[in-house]
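Working notes for the structure below.
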Amino acid sequence: MTYIVFILCVFLVGMALAAILVKDLRSAIILLSALSLFASLVFLIVAAPDVAITEAAIGSALTTVIFVIALFRTRKSTEGNTSATVRRVDESARAVRQKETDNA
Amino acid sequence: MVSPILFIVVPLAAAFLTVLVNRNAGARILALLTALTLSALAWFWFRADLSTPVSVVIAGIAPPMGIQLSMDRLSAALALLISVSGLLVILYSQSYLKSEEAQSKHYAVLLLLMAASFGILLTRDLFNLFVFYEILCISSYILVASEETKASFEASLKYLLLGSVGSLFMLVAIGLAYRVSGSLAMSDIARALGKADSSYAMLTAALFVLGMGIEAAIFPVNTWLPDAHSSAPSSISAVLSGFVIELALVVLLRISMTVFSSVNLMLPLRYMALAGILIGELAAFGQTELKRTLAYSSMGQVGLMLFALTLGTEAGRQAGMAHLVMHTGAKSVLFLIAGYFIVRTGKREIKSYSGLGRRMPLTGVLFVIAALSLVGVPPLFGFFTKFKILSAAAASGATGAWLGIAVILLGTVLEASYLFRVARTLYSDPEGENVKAVKGRMEMDVPALVAVFGFTLLVIFGSFLLPLIPSGLAL
Amino acid sequence: MRKLIGILLIGGFAFYLVTVGMGLFSAESRSELDSVGSEILATSPDLSGAANTVTAVVVQYRGFDTLGEVTVLFVSALGVGMLAMAIKDGLLKNLFDDNGGFVLQAGSLALLPFIVLVGLYITLHGHLSPGGGFPGGVIIATAVFVVILTSKTLSIPRGLINVMETLAGLGFLAIGFVGLYSPAQSFLANILPKGEFGSLLSAGFIPVIYAIVAIKVASELINIISKLTAADSDSKEAAE
Amino acid sequence: MTVPQILYVSAFLLILIGLYSLLTQRNMIRMIIGLNIADLGVNLFLVTIGFVDKGSAPIFRAQAAAGPMVDPVPQALVLTSIVIGFGVTALALTLVMRLFVSHGSIDTARIRGLKW
């Protein structure tokens, strides 16, 4: 058990470092979410299942949702107005869908 | 049977209900009624015989397993102060916030702030204290941001980030305390820390004081205060400067005297207090905006109270509590009137208020009275409290007491000069453009005037309350 | 400069904590509890009737904290509601106009009852197994988020959610008052019959409180997310 | 090293990493990420305090598990702390969104109104 905890804790610290050092904000948020999920695994191992389930639901899922919403809403647009951002997001969404239909 | 628990439950229930009341008027009336109920409750407890504190256990489980609330004389006095100032501020908001949209939620948050204040006063469980402290902090952040200006959002976020770090420190301290005592009840922790290793107790106490000191605006961690108090809506500035920081200060002091009695925190706190007085008053002297001046002045006044409370003598504690009551009255009056000056002129700088005292004669007089009391001019309440602090310091013989007296006198001189500057501007000859810029009727609205008048009564006749102010900062 | 100050501050703090803290855990790790926890473990089955002791602590021994905790969420939801009203950039509206097609919409609606069921299970078994009102409420709210994310025209019944929120809050306080005016004479006292240990209908008021907490948490979270994702028209409606 | 020591050290490192990020970052969302990491560290610390060697989860089952149970009280505290952390995060991010609407930036260096 000591080894499992040790490896998981090394992961935890590594992920935390990565989350604050990584350039891309999106990656940082996803790393935070993964960090939370790993932490809930640690909680499960050290006999705290209640904490684990709450951390997984709130820390890992909900917090990420809020962070992603905040990221979308604070995305810097090149022209300085939001309509351009909207257009860009729309275009990328359309491109993704196009690709999917192509693949299908 | 009137249980102290009503202090927490009544505002909570009213806040939950406010969400359903979408009309502003309804929310206002609900908030006013709640504050009236709370004032009546507080009056009941203030009059009650509390020579032995009344304790209530939650869920019928005695501490250390359960949570215990306890009502003593200090809590009853502060509860009365909080509920009456809450009542007056809600009355004032009625006319001040008229133009704002969707203010009904604002009242709910204000009620929750009051519930949390009562919670941290009454609880005797360290973690329960933390939970109520968090409610207090979060509602303060929201109320600061509710001015909805650029500056208020920034101030609120800054306050939030600093406050969250403080809560983290507090939580670590609670964890350390639980590790050594195996309990969360304050009395158990006090006993266990007394026996523990001194560096361990010191670390726990330092983390806790640093964490909670952020809300109490103790010197090194009070950088949020001038921004938050000056960019909040004026009624909220009155609440935050009027009782929130004082409350945090008193609770912090009570905890460091009881739970952390094994650690000598008084001396470092006393020097922090002196640094706070100097920096606050010096910074206030240099400000050009009225509300910012008042905010920095609060910083200095908190230092003054902290100095008196940490003297370690009965007289010092009594003087500190008296000064706290005086400051609640005076600073509320000043902030509430400053709010109206901003509404009438649309400007925040002191120099644009020239001649306003002649246009609003009654308001101007009330402002000057509160300012004089804050400086400590006889026969106002402020004179007696400041005098008591100085004499207590001289009699205590504590380390740094004489240095403290010198700093307080210097602070008083600075305070007198900047408040006199404001008063002179109010009664100077108005410049042509300013007269036109002033809109609205001559005086403040009636409810606001009543509220300000209530606080002014406290400032003038507070000296008669002196024998009633309790001093025991007991657990 | 900022970095330097940050490193210095944190380094000093680190040094102190490590020196004291390693001393704290340097002794061989404990095999026995020497805290109030052991007392709680001994008395909990009789006193609360809950198999899960953490639940017993959260709801009964420290139920007052839970009331405060629910209030913290309530305050944040109020704050988010007050502040989010003026964010009107229309970005998310456009984002969510991209509704993902029929399969996703129908699928999310079909999933809704199942996710809610899981949430209810976790909530109501809180006194028997890990879980309880907080994760249960989050899961129930998640079911609604999935529908929000996929559908274009769904409008959240704000009024209904507000009513639920208020009723849940008042219900919690009412249960507290029942305890206060019952023979136990103590706020939040567990006066309901304890039932058979380990069965679903046991532990007195613990499942009731957890159900209330779940409703409260779910409605707060739906409120927060729907305010934050609200499009222009929606936020105007909320302002009224 | 024993399990509590490993947990203690990593909880402590998480707090430090989070606080470092909070103090040095200029992007407000990154500051809040730092706050969350520190929060997680504190939660891990609290769980560590209640840990007992070879302890089982504090749930009574039909077939009684051998050995001691871990302390349930810190776990209850952590539940509260997680929920409070979420509330603060949601509020902070809403404030950041509002600041972006009024200033067009989430960089503290570009927001000039107040000194940070």
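Numbering starts fresh at 1 for the residues of each chain in the structure tokens, the chains themselves are lettered A, B, ... in the order given, and ligands are numbered from 1 as they appear.
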inquiry  = I need the chain B residues near chain C as a ChimeraX atom specification; criterion: at most 9 Å, counting only C-alpha atoms.
reply    = /B:3,5,9,12-13,15-20,22-23,56-61,64-67,101-103,105-106,108-109,112,116,127-128,131-132,134-135,138-139,141-143,145-146,148,178-184,199-200,203
task = Using DSSP on the backbone coordinates, identify the residues of chain D assigned to helix (DSSP H, G or I); present them as JSON, numbers by chain.
result = {"D": [3, 4, 5, 6, 7, 8, 9, 10, 11, 12, 13, 14, 15, 16, 17, 18, 19, 20, 21, 22, 23, 24, 28, 29, 30, 31, 32, 33, 34, 35, 36, 37, 38, 39, 40, 41, 42, 43, 44, 45, 46, 47, 48, 49, 72, 73, 74, 75, 76, 77, 78, 79, 80, 81, 82, 83, 84, 85, 86, 87, 88, 89, 90, 91, 92, 93, 94, 95, 96, 97, 98, 99, 100, 101, 102, 103]}
Would you put the residues from that selection into a file with C-alpha atoms, as a PDB file, in the first residue's frame?
ATOM      1  CA  VAL D   3       2.011   6.385   4.564  1.00  0.00           C
ATOM      2  CA  PRO D   4       1.159   9.437   6.719  1.00  0.00           C
ATOM      3  CA  GLN D   5       4.581  10.904   6.068  1.00  0.00           C
ATOM      4  CA  ILE D   6       4.228  10.513   2.307  1.00  0.00           C
ATOM      5  CA  LEU D   7       0.748  12.024   2.450  1.00  0.00           C
ATOM      6  CA  TYR D   8       1.909  14.821   4.683  1.00  0.00           C
ATOM      7  CA  VAL D   9       4.807  15.780   2.446  1.00  0.00           C
ATOM      8  CA  SER D  10       2.739  15.725  -0.710  1.00  0.00           C
ATOM      9  CA  ALA D  11      -0.133  17.656   0.878  1.00  0.00           C
ATOM     10  CA  PHE D  12       2.379  20.198   1.966  1.00  0.00           C
ATOM     11  CA  LEU D  13       3.984  20.396  -1.490  1.00  0.00           C
ATOM     12  CA  LEU D  14       0.564  20.884  -3.042  1.00  0.00           C
ATOM     13  CA  ILE D  15      -0.136  23.802  -0.704  1.00  0.00           C
ATOM     14  CA  LEU D  16       3.218  25.347  -1.573  1.00  0.00           C
ATOM     15  CA  ILE D  17       2.749  24.899  -5.309  1.00  0.00           C
ATOM     16  CA  GLY D  18      -0.705  26.409  -5.101  1.00  0.00           C
ATOM     17  CA  LEU D  19       0.401  29.381  -3.030  1.00  0.00           C
ATOM     18  CA  TYR D  20       3.393  29.962  -5.280  1.00  0.00           C
ATOM     19  CA  SER D  21       1.122  30.034  -8.299  1.00  0.00           C
ATOM     20  CA  LEU D  22      -1.297  32.366  -6.533  1.00  0.00           C
ATOM     21  CA  LEU D  23       1.493  34.810  -5.691  1.00  0.00           C
ATOM     22  CA  THR D  24       3.388  34.840  -8.948  1.00  0.00           C
ATOM     23  CA  MET D  28      -6.422  35.523 -12.850  1.00  0.00           C
ATOM     24  CA  ILE D  29      -7.735  32.127 -13.923  1.00  0.00           C
ATOM     25  CA  ARG D  30      -4.313  30.683 -13.208  1.00  0.00           C
ATOM     26  CA  MET D  31      -4.361  32.317  -9.786  1.00  0.00           C
ATOM     27  CA  ILE D  32      -7.630  30.553  -9.052  1.00  0.00           C
ATOM     28  CA  ILE D  33      -6.172  27.278 -10.313  1.00  0.00           C
ATOM     29  CA  GLY D  34      -3.411  27.805  -7.773  1.00  0.00           C
ATOM     30  CA  LEU D  35      -5.993  28.411  -5.073  1.00  0.00           C
ATOM     31  CA  ASN D  36      -7.684  25.132  -5.965  1.00  0.00           C
ATOM     32  CA  ILE D  37      -4.427  23.207  -5.809  1.00  0.00           C
ATOM     33  CA  ALA D  38      -3.685  24.645  -2.370  1.00  0.00           C
ATOM     34  CA  ASP D  39      -7.203  23.777  -1.282  1.00  0.00           C
ATOM     35  CA  LEU D  40      -6.657  20.197  -2.377  1.00  0.00           C
ATOM     36  CA  GLY D  41      -3.443  20.132  -0.404  1.00  0.00           C
ATOM     37  CA  VAL D  42      -5.222  21.256   2.742  1.00  0.00           C
ATOM     38  CA  ASN D  43      -7.881  18.597   2.238  1.00  0.00           C
ATOM     39  CA  LEU D  44      -5.212  15.936   1.861  1.00  0.00           C
ATOM     40  CA  PHE D  45      -3.579  17.244   5.030  1.00  0.00           C
ATOM     41  CA  LEU D  46      -6.820  16.944   6.991  1.00  0.00           C
ATOM     42  CA  VAL D  47      -7.406  13.401   5.767  1.00  0.00           C
ATOM     43  CA  THR D  48      -3.839  12.537   6.759  1.00  0.00           C
ATOM     44  CA  ILE D  49      -4.525  13.705  10.296  1.00  0.00           C
ATOM     45  CA  PRO D  72     -14.328   9.987  10.851  1.00  0.00           C
ATOM     46  CA  VAL D  73     -14.179  13.574  12.122  1.00  0.00           C
ATOM     47  CA  PRO D  74     -11.473  14.953   9.787  1.00  0.00           C
ATOM     48  CA  GLN D  75     -13.262  13.323   6.871  1.00  0.00           C
ATOM     49  CA  ALA D  76     -16.436  15.163   7.777  1.00  0.00           C
ATOM     50  CA  LEU D  77     -14.420  18.376   7.955  1.00  0.00           C
ATOM     51  CA  VAL D  78     -12.966  17.715   4.510  1.00  0.00           C
ATOM     52  CA  LEU D  79     -16.456  17.266   3.042  1.00  0.00           C
ATOM     53  CA  THR D  80     -17.335  20.723   4.321  1.00  0.00           C
ATOM     54  CA  SER D  81     -14.067  22.164   3.095  1.00  0.00           C
ATOM     55  CA  ILE D  82     -14.578  20.774  -0.424  1.00  0.00           C
ATOM     56  CA  VAL D  83     -18.021  22.346  -0.702  1.00  0.00           C
ATOM     57  CA  ILE D  84     -16.765  25.681   0.641  1.00  0.00           C
ATOM     58  CA  GLY D  85     -13.876  25.572  -1.822  1.00  0.00           C
ATOM     59  CA  PHE D  86     -16.294  25.067  -4.681  1.00  0.00           C
ATOM     60  CA  GLY D  87     -18.435  28.001  -3.566  1.00  0.00           C
ATOM     61  CA  VAL D  88     -15.425  30.303  -3.408  1.00  0.00           C
ATOM     62  CA  THR D  89     -14.154  29.115  -6.790  1.00  0.00           C
ATOM     63  CA  ALA D  90     -17.507  29.711  -8.466  1.00  0.00           C
ATOM     64  CA  LEU D  91     -17.726  33.205  -7.028  1.00  0.00           C
ATOM     65  CA  ALA D  92     -14.127  34.030  -7.957  1.00  0.00           C
ATOM     66  CA  LEU D  93     -14.586  32.884 -11.541  1.00  0.00           C
ATOM     67  CA  THR D  94     -17.788  34.898 -11.864  1.00  0.00           C
ATOM     68  CA  LEU D  95     -15.867  37.940 -10.691  1.00  0.00           C
ATOM     69  CA  VAL D  96     -13.168  37.206 -13.261  1.00  0.00           C
ATOM     70  CA  MET D  97     -15.806  37.037 -15.997  1.00  0.00           C
ATOM     71  CA  ARG D  98     -17.242  40.342 -14.849  1.00  0.00           C
ATOM     72  CA  LEU D  99     -13.786  41.900 -14.816  1.00  0.00           C
ATOM     73  CA  PHE D 100     -13.220  40.639 -18.337  1.00  0.00           C
ATOM     74  CA  VAL D 101     -16.465  42.253 -19.469  1.00  0.00           C
ATOM     75  CA  SER D 102     -15.480  45.612 -17.961  1.00  0.00           C
ATOM     76  CA  HIS D 103     -11.734  45.599 -18.646  1.00  0.00           C
TER      77      HIS D 103
END
ask   = Just how far from CA of Thr385 (chain B) is CA of Met326 (chain B), in Å to one decimal?
value = 7.6 Å
Within 8 Å of region 28-45 of chain A using only C-alpha atoms, minus same-chain residues under 3 positions, as a PyMOL selection string = (chain A and resi 5+8-9+11-12+15-16+18-20+22-25+48-49+51-53+55-56+59-61+63-64+67-68) or (chain D and resi 30+33+37+40+44+47)
key: Shortest interatomic distance to chain B - which of D:Arg110, D:Gly50, D:Met69, D:Arg61, counting only C-alpha atoms   =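 Among the listed residues, the smallest separation from chain B belongs to D:Gly50.
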Shell of 8 Å around Ala203 (chain C), only C-alpha atoms, local chain residues under 3 positions omitted, as a tab-separated table (two decimals) with N, CA, C and O atoms, in the first residue's frame:
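That gives us result_37.tsv:
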chain	number	residue	atom	x	y	z
C	48	SER	N	-26.88	7.32	16.52
C	48	SER	CA	-27.43	7.78	15.25
C	48	SER	C	-28.08	6.67	14.46
C	48	SER	O	-28.95	6.91	13.64
C	49	GLY	N	-27.64	5.45	14.65
C	49	GLY	CA	-28.20	4.35	13.88
C	49	GLY	C	-27.69	4.29	12.46
C	49	GLY	O	-28.24	3.57	11.64
C	50	ALA	N	-26.64	5.06	12.14
C	50	ALA	CA	-26.12	5.06	10.78
C	50	ALA	C	-24.89	4.16	10.71
C	50	ALA	O	-24.04	4.21	11.58
C	127	HIS	N	-26.38	6.97	4.62
C	127	HIS	CA	-26.09	6.50	5.97
C	127	HIS	C	-25.62	5.05	5.98
C	127	HIS	O	-25.29	4.53	7.03
C	193	PRO	N	-37.52	7.60	14.96
C	193	PRO	CA	-37.09	6.26	15.37
C	193	PRO	C	-35.89	5.79	14.55
C	193	PRO	O	-35.78	6.09	13.37
C	194	LYS	N	-34.98	5.07	15.22
C	194	LYS	CA	-33.72	4.72	14.56
C	194	LYS	C	-33.87	3.58	13.56
C	194	LYS	O	-33.05	3.42	12.67
C	195	GLY	N	-34.87	2.73	13.71
C	195	GLY	CA	-35.06	1.62	12.78
C	195	GLY	C	-34.03	0.54	12.98
C	195	GLY	O	-33.22	0.56	13.92
C	197	PHE	N	-30.72	-1.37	12.38
C	197	PHE	CA	-29.38	-0.93	11.99
C	197	PHE	C	-28.98	-1.55	10.65
C	197	PHE	O	-29.06	-2.76	10.47
C	206	ILE	N	-31.52	11.11	9.45
C	206	ILE	CA	-30.35	11.31	8.58
C	206	ILE	C	-30.70	11.24	7.09
C	206	ILE	O	-30.34	12.14	6.33
C	207	PRO	N	-31.45	10.21	6.64
C	207	PRO	CA	-31.82	10.21	5.21
C	207	PRO	C	-32.68	11.42	4.83
C	207	PRO	O	-32.54	11.96	3.73
Determine, counting only C-alpha atoms, which protein, DNA and RNA residues have an atom within 12 Å of an atom of Leu390 (chain B); residues of the same chain fewer than 2 positions away are not included. Present the result as a short mmCIF file (atom, residue, chain, number, x, y, z; two decimals) with N, CA and C atoms, in the first residue's frame.
data_model
loop_
_atom_site.label_atom_id
_atom_site.label_comp_id
_atom_site.auth_asym_id
_atom_site.auth_seq_id
_atom_site.Cartn_x
_atom_site.Cartn_y
_atom_site.Cartn_z
N LEU B 304 -5.83 50.99 16.87
CA LEU B 304 -6.05 51.57 18.20
C LEU B 304 -6.78 50.59 19.11
N MET B 305 -7.85 49.99 18.56
CA MET B 305 -8.61 49.02 19.37
C MET B 305 -7.74 47.83 19.75
N PHE B 307 -4.56 47.69 20.02
CA PHE B 307 -3.57 48.09 21.02
C PHE B 307 -4.19 48.05 22.41
N ALA B 308 -5.40 48.62 22.53
CA ALA B 308 -6.03 48.66 23.85
C ALA B 308 -6.35 47.24 24.33
N LEU B 311 -3.38 45.18 25.74
CA LEU B 311 -2.59 45.69 26.86
C LEU B 311 -2.50 44.68 27.99
N ALA B 315 -8.66 47.27 32.48
CA ALA B 315 -8.99 48.62 32.02
C ALA B 315 -8.77 48.75 30.52
N GLY B 316 -7.68 48.14 30.03
CA GLY B 316 -7.39 48.21 28.61
C GLY B 316 -8.47 47.56 27.79
N ALA B 319 -11.56 49.71 27.80
CA ALA B 319 -11.39 50.88 26.94
C ALA B 319 -11.49 50.48 25.48
N GLY B 320 -10.88 49.34 25.14
CA GLY B 320 -10.93 48.89 23.75
C GLY B 320 -12.35 48.62 23.30
N HIS B 323 -14.18 51.87 22.81
CA HIS B 323 -13.77 52.52 21.57
C HIS B 323 -14.40 51.84 20.36
N GLY B 376 -11.80 62.68 18.94
CA GLY B 376 -11.73 62.64 20.39
C GLY B 376 -11.85 64.00 21.02
N PHE B 383 -14.02 61.18 22.99
CA PHE B 383 -13.05 61.73 23.94
C PHE B 383 -12.86 60.76 25.10
N PHE B 384 -13.99 60.29 25.64
CA PHE B 384 -13.91 59.40 26.82
C PHE B 384 -13.17 58.11 26.47
N THR B 385 -13.51 57.53 25.28
CA THR B 385 -12.88 56.24 24.96
C THR B 385 -11.39 56.42 24.74
N LYS B 386 -11.01 57.47 24.02
CA LYS B 386 -9.58 57.67 23.75
C LYS B 386 -8.84 57.95 25.06
N PHE B 387 -9.46 58.74 25.90
CA PHE B 387 -8.84 59.04 27.18
C PHE B 387 -8.65 57.76 28.00
N LYS B 388 -9.70 56.92 27.98
CA LYS B 388 -9.59 55.66 28.73
C LYS B 388 -8.46 54.79 28.19
N ALA B 392 -5.34 53.77 30.38
CA ALA B 392 -5.10 52.34 30.61
C ALA B 392 -3.70 51.98 30.18
N ALA B 393 -3.24 52.56 29.07
CA ALA B 393 -1.89 52.25 28.59
C ALA B 393 -0.86 52.75 29.59
N ALA B 394 -1.09 53.98 30.13
CA ALA B 394 -0.13 54.54 31.07
C ALA B 394 -0.08 53.70 32.34
N ALA B 395 -1.25 53.18 32.76
CA ALA B 395 -1.30 52.44 34.02
C ALA B 395 -0.82 51.01 33.87
N SER B 396 -0.84 50.49 32.65
CA SER B 396 -0.61 49.05 32.49
C SER B 396 0.85 48.69 32.71
N GLY B 397 1.77 49.58 32.30
CA GLY B 397 3.17 49.25 32.43
C GLY B 397 3.62 48.15 31.49
N ALA B 401 4.08 50.37 25.98
CA ALA B 401 2.90 51.17 26.28
C ALA B 401 3.15 52.65 26.01
N TRP B 402 4.35 53.13 26.43
CA TRP B 402 4.63 54.56 26.24
C TRP B 402 4.84 54.88 24.78
N LEU B 403 5.50 53.99 24.07
CA LEU B 403 5.62 54.15 22.62
C LEU B 403 4.22 54.23 22.00
N GLY B 404 3.33 53.37 22.51
CA GLY B 404 1.97 53.35 22.00
C GLY B 404 1.28 54.67 22.22
N ILE B 405 1.47 55.25 23.42
CA ILE B 405 0.82 56.53 23.71
C ILE B 405 1.30 57.60 22.74
N ALA B 406 2.62 57.59 22.48
CA ALA B 406 3.17 58.58 21.54
C ALA B 406 2.54 58.38 20.16
N VAL B 407 2.47 57.12 19.71
CA VAL B 407 1.93 56.84 18.38
C VAL B 407 0.47 57.25 18.30
N ILE B 408 -0.29 56.99 19.38
CA ILE B 408 -1.71 57.33 19.36
C ILE B 408 -1.89 58.84 19.28
N LEU B 409 -1.05 59.57 20.03
CA LEU B 409 -1.19 61.03 19.99
C LEU B 409 -0.84 61.57 18.60
N THR B 412 -3.67 60.87 16.38
CA THR B 412 -4.79 61.78 16.63
C THR B 412 -4.58 63.11 15.92
#
Selected residue, from C:Val178, C:Ile139, C:Ala211, C:Leu4, that lies nearest to chain A when counting only C-alpha atoms =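 When distances to chain A are compared using only C-alpha atoms, the smallest one comes from C:Ile139.
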